[in-house]
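Student: Below you'll find the structure I mean.
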Amino acid sequence: MQPAPAMPKSWRVDNKPHKFCPGCGHGLILKCLGQAIDELEIQSRVVYGCDIGCSLLSWDLFNLDTVQTHHGRTTPVMTGMKRARPELLCIAYMGDGGGYSIGVQHLVGAAMRNEKITVIVANNTQYAMTGGQMAPTTLPGQKTETCPYGRDPGATGLPFQGAEMISAIAPDGAYVARGSISHLTQLTGFLKKALKNQIDGHGFSLVEALSACPTNWRTDAARTWEFIEKDMAGYFKRGEIKIPGQKEATANA
Amino acid sequence: MTLDFNGRTLELEKAFWTLFPGLCKGCGLCVEKCPVDCIDWSDVLGVYGTPSVEADNRCIACGICQNVCPDCAIRIDKRKKLIN
């Protein structure tokens, strides 16, 4: 018998391959999310919202009810959906451009109100869909289209630590973690815990996932892994930053 | 609806190593992550006309390439499992 591709059950099969570039980190994060949804058996209850940017290319990736909005407004749209239909499980998926720069006010507002939704932010240190411009998460010295000599922290500040900020302002009951596509089992575990936090009704959950963009980083496969595992891991520490019922933990690499 | 992706199964010593050229975009992430360096570029072209990948008999059936493939283009079935 012809073997079938080992895709998560919650993925749509008929429109694969998906629309992301070769080597894109979104594929890996969404594979982990698909596995988390499969393991929790919640496919029929999930509403999936994607944002503008490369994350919108996932609008038909899942076999889930999906809505697409712009500029970080996925968070308030999912908040509204959760308030209207509390039995649904709402996942807002966005990149660091939507989540941490133009749409950060929505993320902050939802975290302060402790809305019972799950937000997943894919951090690839730049605005990927528009051609790789400098974002708040760009690493010092990293070259992008709009900082061709490398980011200067004196003029443009240090990389934005979104997960740490959300864990500092979110009330008790929130779950905040940062995973990476270099550690997929750990990332799947974080996504499962974040969804479980929403199922149990504790409150807001945020998972930041360090992602890759070989197209705009202009890296080959070896340098892509090196950038995620060495350069990015130096600034963005993996680990659970806030767990419901526990004091704020520090991320450990 | 299910599509037939026409996998290309290599019958290796420890595993049946299947690659779906209709899904492989040729990113090379699996080539770098293989712990025994057994994956290399193949003459079979992937979905974007770039070379796809293939493994050889050094494969230890660890499944890392299946996990790190963003497009789910690789599938590994360990030989032991199939016998049982």
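Ligands are numbered from 1 in the order shown, residues from 1 within each chain, and chains are lettered A, B, ... in the order they appear in the structure tokens.
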Could the residues of chain B within 7 Å of chain A, counting only C-alpha atoms, be given as a ChimeraX atom specification, please?

Tutor: /B:1-3,7,23,25-29,32,68,70-73,75

Student: Write a file of the selected residues as a PDB file, in the first residue's frame, keeping N, CA and C atoms.

Tutor:
```pdb
ATOM      1  N   MET B   1     -11.445  14.743   1.331  1.00  0.00           N
ATOM      2  CA  MET B   1     -10.754  14.444   0.073  1.00  0.00           C
ATOM      3  C   MET B   1      -9.281  14.181   0.359  1.00  0.00           C
ATOM      4  N   THR B   2      -8.784  13.144  -0.191  1.00  0.00           N
ATOM      5  CA  THR B   2      -7.355  12.882  -0.022  1.00  0.00           C
ATOM      6  C   THR B   2      -6.688  12.839  -1.387  1.00  0.00           C
ATOM      7  N   LEU B   3      -5.506  13.377  -1.423  1.00  0.00           N
ATOM      8  CA  LEU B   3      -4.745  13.362  -2.665  1.00  0.00           C
ATOM      9  C   LEU B   3      -3.668  12.303  -2.568  1.00  0.00           C
ATOM     10  N   GLY B   7       4.453   8.729  -3.092  1.00  0.00           N
ATOM     11  CA  GLY B   7       5.712   8.678  -2.360  1.00  0.00           C
ATOM     12  C   GLY B   7       6.734   7.799  -3.053  1.00  0.00           C
ATOM     13  N   LEU B  23       5.716  17.186  -2.270  1.00  0.00           N
ATOM     14  CA  LEU B  23       5.696  18.049  -1.090  1.00  0.00           C
ATOM     15  C   LEU B  23       7.058  18.676  -0.813  1.00  0.00           C
ATOM     16  N   LYS B  25      10.161  20.839  -0.939  1.00  0.00           N
ATOM     17  CA  LYS B  25      10.519  22.116  -1.552  1.00  0.00           C
ATOM     18  C   LYS B  25      12.025  22.298  -1.632  1.00  0.00           C
ATOM     19  N   GLY B  26      12.780  21.320  -1.151  1.00  0.00           N
ATOM     20  CA  GLY B  26      14.236  21.394  -1.277  1.00  0.00           C
ATOM     21  C   GLY B  26      14.892  22.399  -0.366  1.00  0.00           C
ATOM     22  N   CYS B  27      14.404  22.568   0.862  1.00  0.00           N
ATOM     23  CA  CYS B  27      14.991  23.569   1.762  1.00  0.00           C
ATOM     24  C   CYS B  27      16.290  23.077   2.387  1.00  0.00           C
ATOM     25  N   GLY B  28      16.442  21.765   2.533  1.00  0.00           N
ATOM     26  CA  GLY B  28      17.689  21.221   3.064  1.00  0.00           C
ATOM     27  C   GLY B  28      17.783  21.195   4.570  1.00  0.00           C
ATOM     28  N   LEU B  29      16.708  21.514   5.300  1.00  0.00           N
ATOM     29  CA  LEU B  29      16.782  21.495   6.767  1.00  0.00           C
ATOM     30  C   LEU B  29      17.081  20.090   7.276  1.00  0.00           C
ATOM     31  N   GLU B  32      20.826  18.996   7.084  1.00  0.00           N
ATOM     32  CA  GLU B  32      21.676  19.520   8.154  1.00  0.00           C
ATOM     33  C   GLU B  32      21.398  18.843   9.483  1.00  0.00           C
ATOM     34  N   VAL B  68      11.640  17.482  11.413  1.00  0.00           N
ATOM     35  CA  VAL B  68      12.049  18.839  11.054  1.00  0.00           C
ATOM     36  C   VAL B  68      11.588  19.242   9.654  1.00  0.00           C
ATOM     37  N   PRO B  70       9.273  20.929   7.322  1.00  0.00           N
ATOM     38  CA  PRO B  70       8.119  21.814   7.499  1.00  0.00           C
ATOM     39  C   PRO B  70       6.942  21.414   6.604  1.00  0.00           C
ATOM     40  N   ASP B  71       7.207  20.604   5.592  1.00  0.00           N
ATOM     41  CA  ASP B  71       6.155  20.250   4.636  1.00  0.00           C
ATOM     42  C   ASP B  71       5.674  18.815   4.774  1.00  0.00           C
ATOM     43  N   CYS B  72       6.125  18.102   5.791  1.00  0.00           N
ATOM     44  CA  CYS B  72       5.744  16.709   6.010  1.00  0.00           C
ATOM     45  C   CYS B  72       6.032  15.866   4.778  1.00  0.00           C
ATOM     46  N   ALA B  73       7.166  16.120   4.106  1.00  0.00           N
ATOM     47  CA  ALA B  73       7.478  15.404   2.878  1.00  0.00           C
ATOM     48  C   ALA B  73       8.184  14.082   3.144  1.00  0.00           C
ATOM     49  N   ARG B  75       8.521  10.509   5.418  1.00  0.00           N
ATOM     50  CA  ARG B  75       7.852   9.608   6.341  1.00  0.00           C
ATOM     51  C   ARG B  75       8.759   8.412   6.578  1.00  0.00           C
TER      52      ARG B  75
END
```

Student: If you run DSSP on the backbone, which residues of stretch 108-166 of chain A are strand (DSSP E), as a list in words?

Tutor: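 Those in stretch 108-166 of chain A that DSSP calls strand (DSSP E) are Thr118, Val119, Ile120, Val121, Ala122, Asn123, Gln126, Tyr127, Gln133 and Met134 of chain A.
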
Student: For a test of reading the model, state the distance in Å between atom CA of A:Asn197 and atom CA of A:Asn63, rounded to one decimal.

Tutor: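 It comes out at 22.4 Å.
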
Student: Using only C-alpha atoms, which protein or nucleic acid residues come within 10 Å of A:Val67? Drop anything in the same chain fewer than 6 positions from it, and give the result as a PDB file with N, CA and C atoms, in the first residue's frame.

Tutor:
```
ATOM      1  N   VAL A  47     -11.349  27.555  16.861  1.00  0.00           N
ATOM      2  CA  VAL A  47     -11.431  28.594  15.843  1.00  0.00           C
ATOM      3  C   VAL A  47     -10.032  29.165  15.700  1.00  0.00           C
ATOM      4  N   TYR A  48      -9.573  29.242  14.463  1.00  0.00           N
ATOM      5  CA  TYR A  48      -8.196  29.644  14.196  1.00  0.00           C
ATOM      6  C   TYR A  48      -8.209  31.007  13.515  1.00  0.00           C
ATOM      7  N   GLY A  49      -7.495  31.963  14.095  1.00  0.00           N
ATOM      8  CA  GLY A  49      -7.403  33.280  13.485  1.00  0.00           C
ATOM      9  C   GLY A  49      -5.978  33.561  13.063  1.00  0.00           C
ATOM     10  N   CYS A  50      -5.794  34.016  11.828  1.00  0.00           N
ATOM     11  CA  CYS A  50      -4.431  34.355  11.409  1.00  0.00           C
ATOM     12  C   CYS A  50      -4.369  35.839  11.070  1.00  0.00           C
ATOM     13  N   ASP A  51      -3.162  36.357  11.119  1.00  0.00           N
ATOM     14  CA  ASP A  51      -2.937  37.788  11.029  1.00  0.00           C
ATOM     15  C   ASP A  51      -2.402  38.136   9.643  1.00  0.00           C
ATOM     16  N   LEU A  56      -0.650  34.872   7.351  1.00  0.00           N
ATOM     17  CA  LEU A  56      -1.963  34.728   6.694  1.00  0.00           C
ATOM     18  C   LEU A  56      -1.953  33.620   5.660  1.00  0.00           C
ATOM     19  N   TRP A  59      -4.110  30.465   6.029  1.00  0.00           N
ATOM     20  CA  TRP A  59      -5.569  30.549   6.150  1.00  0.00           C
ATOM     21  C   TRP A  59      -6.269  29.254   5.751  1.00  0.00           C
ATOM     22  N   ASP A  60      -5.658  28.469   4.846  1.00  0.00           N
ATOM     23  CA  ASP A  60      -6.299  27.201   4.479  1.00  0.00           C
ATOM     24  C   ASP A  60      -5.438  26.002   4.855  1.00  0.00           C
ATOM     25  N   THR A  74      -6.163  40.189  15.182  1.00  0.00           N
ATOM     26  CA  THR A  74      -6.601  38.813  15.403  1.00  0.00           C
ATOM     27  C   THR A  74      -6.913  38.605  16.879  1.00  0.00           C
ATOM     28  N   VAL A  77     -10.362  40.062  17.728  1.00  0.00           N
ATOM     29  CA  VAL A  77     -11.392  39.276  17.036  1.00  0.00           C
ATOM     30  C   VAL A  77     -11.616  37.961  17.770  1.00  0.00           C
ATOM     31  N   MET A  78     -10.521  37.326  18.168  1.00  0.00           N
ATOM     32  CA  MET A  78     -10.645  36.058  18.895  1.00  0.00           C
ATOM     33  C   MET A  78     -11.240  36.288  20.287  1.00  0.00           C
ATOM     34  N   ALA A  92      -5.192  32.670  18.247  1.00  0.00           N
ATOM     35  CA  ALA A  92      -4.758  33.787  17.400  1.00  0.00           C
ATOM     36  C   ALA A  92      -3.316  33.538  17.026  1.00  0.00           C
TER      37      ALA A  92
END
```

Student: Report as a PDB file with C-alpha atoms, in the first residue's frame all protein, DNA and RNA residues lying within 12 Å of A:Phe236, evaluated on only C-alpha atoms, omitting residues in the same chain fewer than 2 positions from it.

Tutor:
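Generated output (out.pdb):
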```
ATOM      1  CA  ASN A 123       9.264  35.541  15.900  1.00  0.00           C
ATOM      2  CA  ASN A 124      11.588  35.612  12.879  1.00  0.00           C
ATOM      3  CA  THR A 125      13.286  38.933  13.798  1.00  0.00           C
ATOM      4  CA  THR A 137      12.778  41.989  17.339  1.00  0.00           C
ATOM      5  CA  THR A 138      15.736  42.399  14.958  1.00  0.00           C
ATOM      6  CA  LEU A 139      18.970  41.409  16.683  1.00  0.00           C
ATOM      7  CA  LEU A 158      17.488  46.444  21.824  1.00  0.00           C
ATOM      8  CA  PRO A 159      15.349  43.484  20.636  1.00  0.00           C
ATOM      9  CA  PHE A 160      11.821  43.506  22.007  1.00  0.00           C
ATOM     10  CA  GLN A 161      11.271  40.857  24.667  1.00  0.00           C
ATOM     11  CA  GLY A 162       7.562  40.312  24.100  1.00  0.00           C
ATOM     12  CA  ALA A 163       7.042  37.192  26.190  1.00  0.00           C
ATOM     13  CA  GLU A 164       8.769  38.740  29.221  1.00  0.00           C
ATOM     14  CA  ALA A 177       6.253  30.510  27.301  1.00  0.00           C
ATOM     15  CA  ARG A 178       8.822  30.793  24.585  1.00  0.00           C
ATOM     16  CA  GLY A 179       9.711  27.849  22.366  1.00  0.00           C
ATOM     17  CA  SER A 180      11.819  27.461  19.291  1.00  0.00           C
ATOM     18  CA  GLU A 208       6.262  32.864  21.361  1.00  0.00           C
ATOM     19  CA  ALA A 209       7.959  30.582  18.869  1.00  0.00           C
ATOM     20  CA  LEU A 210      11.358  31.448  17.432  1.00  0.00           C
ATOM     21  CA  SER A 211      11.023  30.915  13.707  1.00  0.00           C
ATOM     22  CA  PHE A 227      21.147  31.584  13.407  1.00  0.00           C
ATOM     23  CA  ILE A 228      18.219  30.095  15.341  1.00  0.00           C
ATOM     24  CA  GLU A 229      20.278  28.013  17.746  1.00  0.00           C
ATOM     25  CA  LYS A 230      23.091  30.485  18.453  1.00  0.00           C
ATOM     26  CA  ASP A 231      22.278  34.088  17.479  1.00  0.00           C
ATOM     27  CA  MET A 232      18.573  34.135  18.349  1.00  0.00           C
ATOM     28  CA  ALA A 233      18.853  31.863  21.382  1.00  0.00           C
ATOM     29  CA  GLY A 234      21.336  34.334  22.871  1.00  0.00           C
ATOM     30  CA  ARG A 238      13.510  29.364  25.738  1.00  0.00           C
ATOM     31  CA  GLY A 239      11.347  28.203  28.616  1.00  0.00           C
ATOM     32  CA  ILE A 241       8.065  32.312  31.828  1.00  0.00           C
ATOM     33  CA  THR A 250      12.768  32.971  34.711  1.00  0.00           C
ATOM     34  CA  ALA A 251      13.310  31.481  31.302  1.00  0.00           C
ATOM     35  CA  ASN A 252      16.085  28.943  31.241  1.00  0.00           C
ATOM     36  CA  ALA A 253      17.878  28.067  28.076  1.00  0.00           C
TER      37      ALA A 253
END
```

Student: If you run DSSP on the backbone here, which positions in stretch 4-75 of chain B get alpha helix (DSSP H)? Please write them as a list of chain:residue names.

Tutor: B:Leu29, B:Cys30, B:Val31, B:Glu32, B:Lys33, B:Ile64, B:Cys65, B:Gln66, B:Asn67, B:Val68

Student: Go through A:Gly72, A:Pro136, A:Gly80, A:Pro86 one by one, measure the shortest atom-to-atom distance of each to A:Val121 using only C-alpha atoms, and give the residue with the smallest value.

Tutor: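 Ranking A:Gly72, A:Pro136, A:Gly80, A:Pro86 by distance to A:Val121, first place goes to A:Gly72.
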
Student: List as a PyMOL selection string the protein and nucleic acid residues near stretch 10-15 of chain B, meaning an atom at most 10 Å away when only C-alpha atoms are counted, but skip any in the same chain fewer than 4 places from it.

Tutor: chain B and resi 19+54-63+75-82

Student: Could you give me, as a list in words, the residues within 10 Å of A:Pro148, counting only C-alpha atoms and dropping anything in the same chain fewer than 6 positions from it?

Tutor: Gln133, Met134, Gly141 and Gln142 of chain A
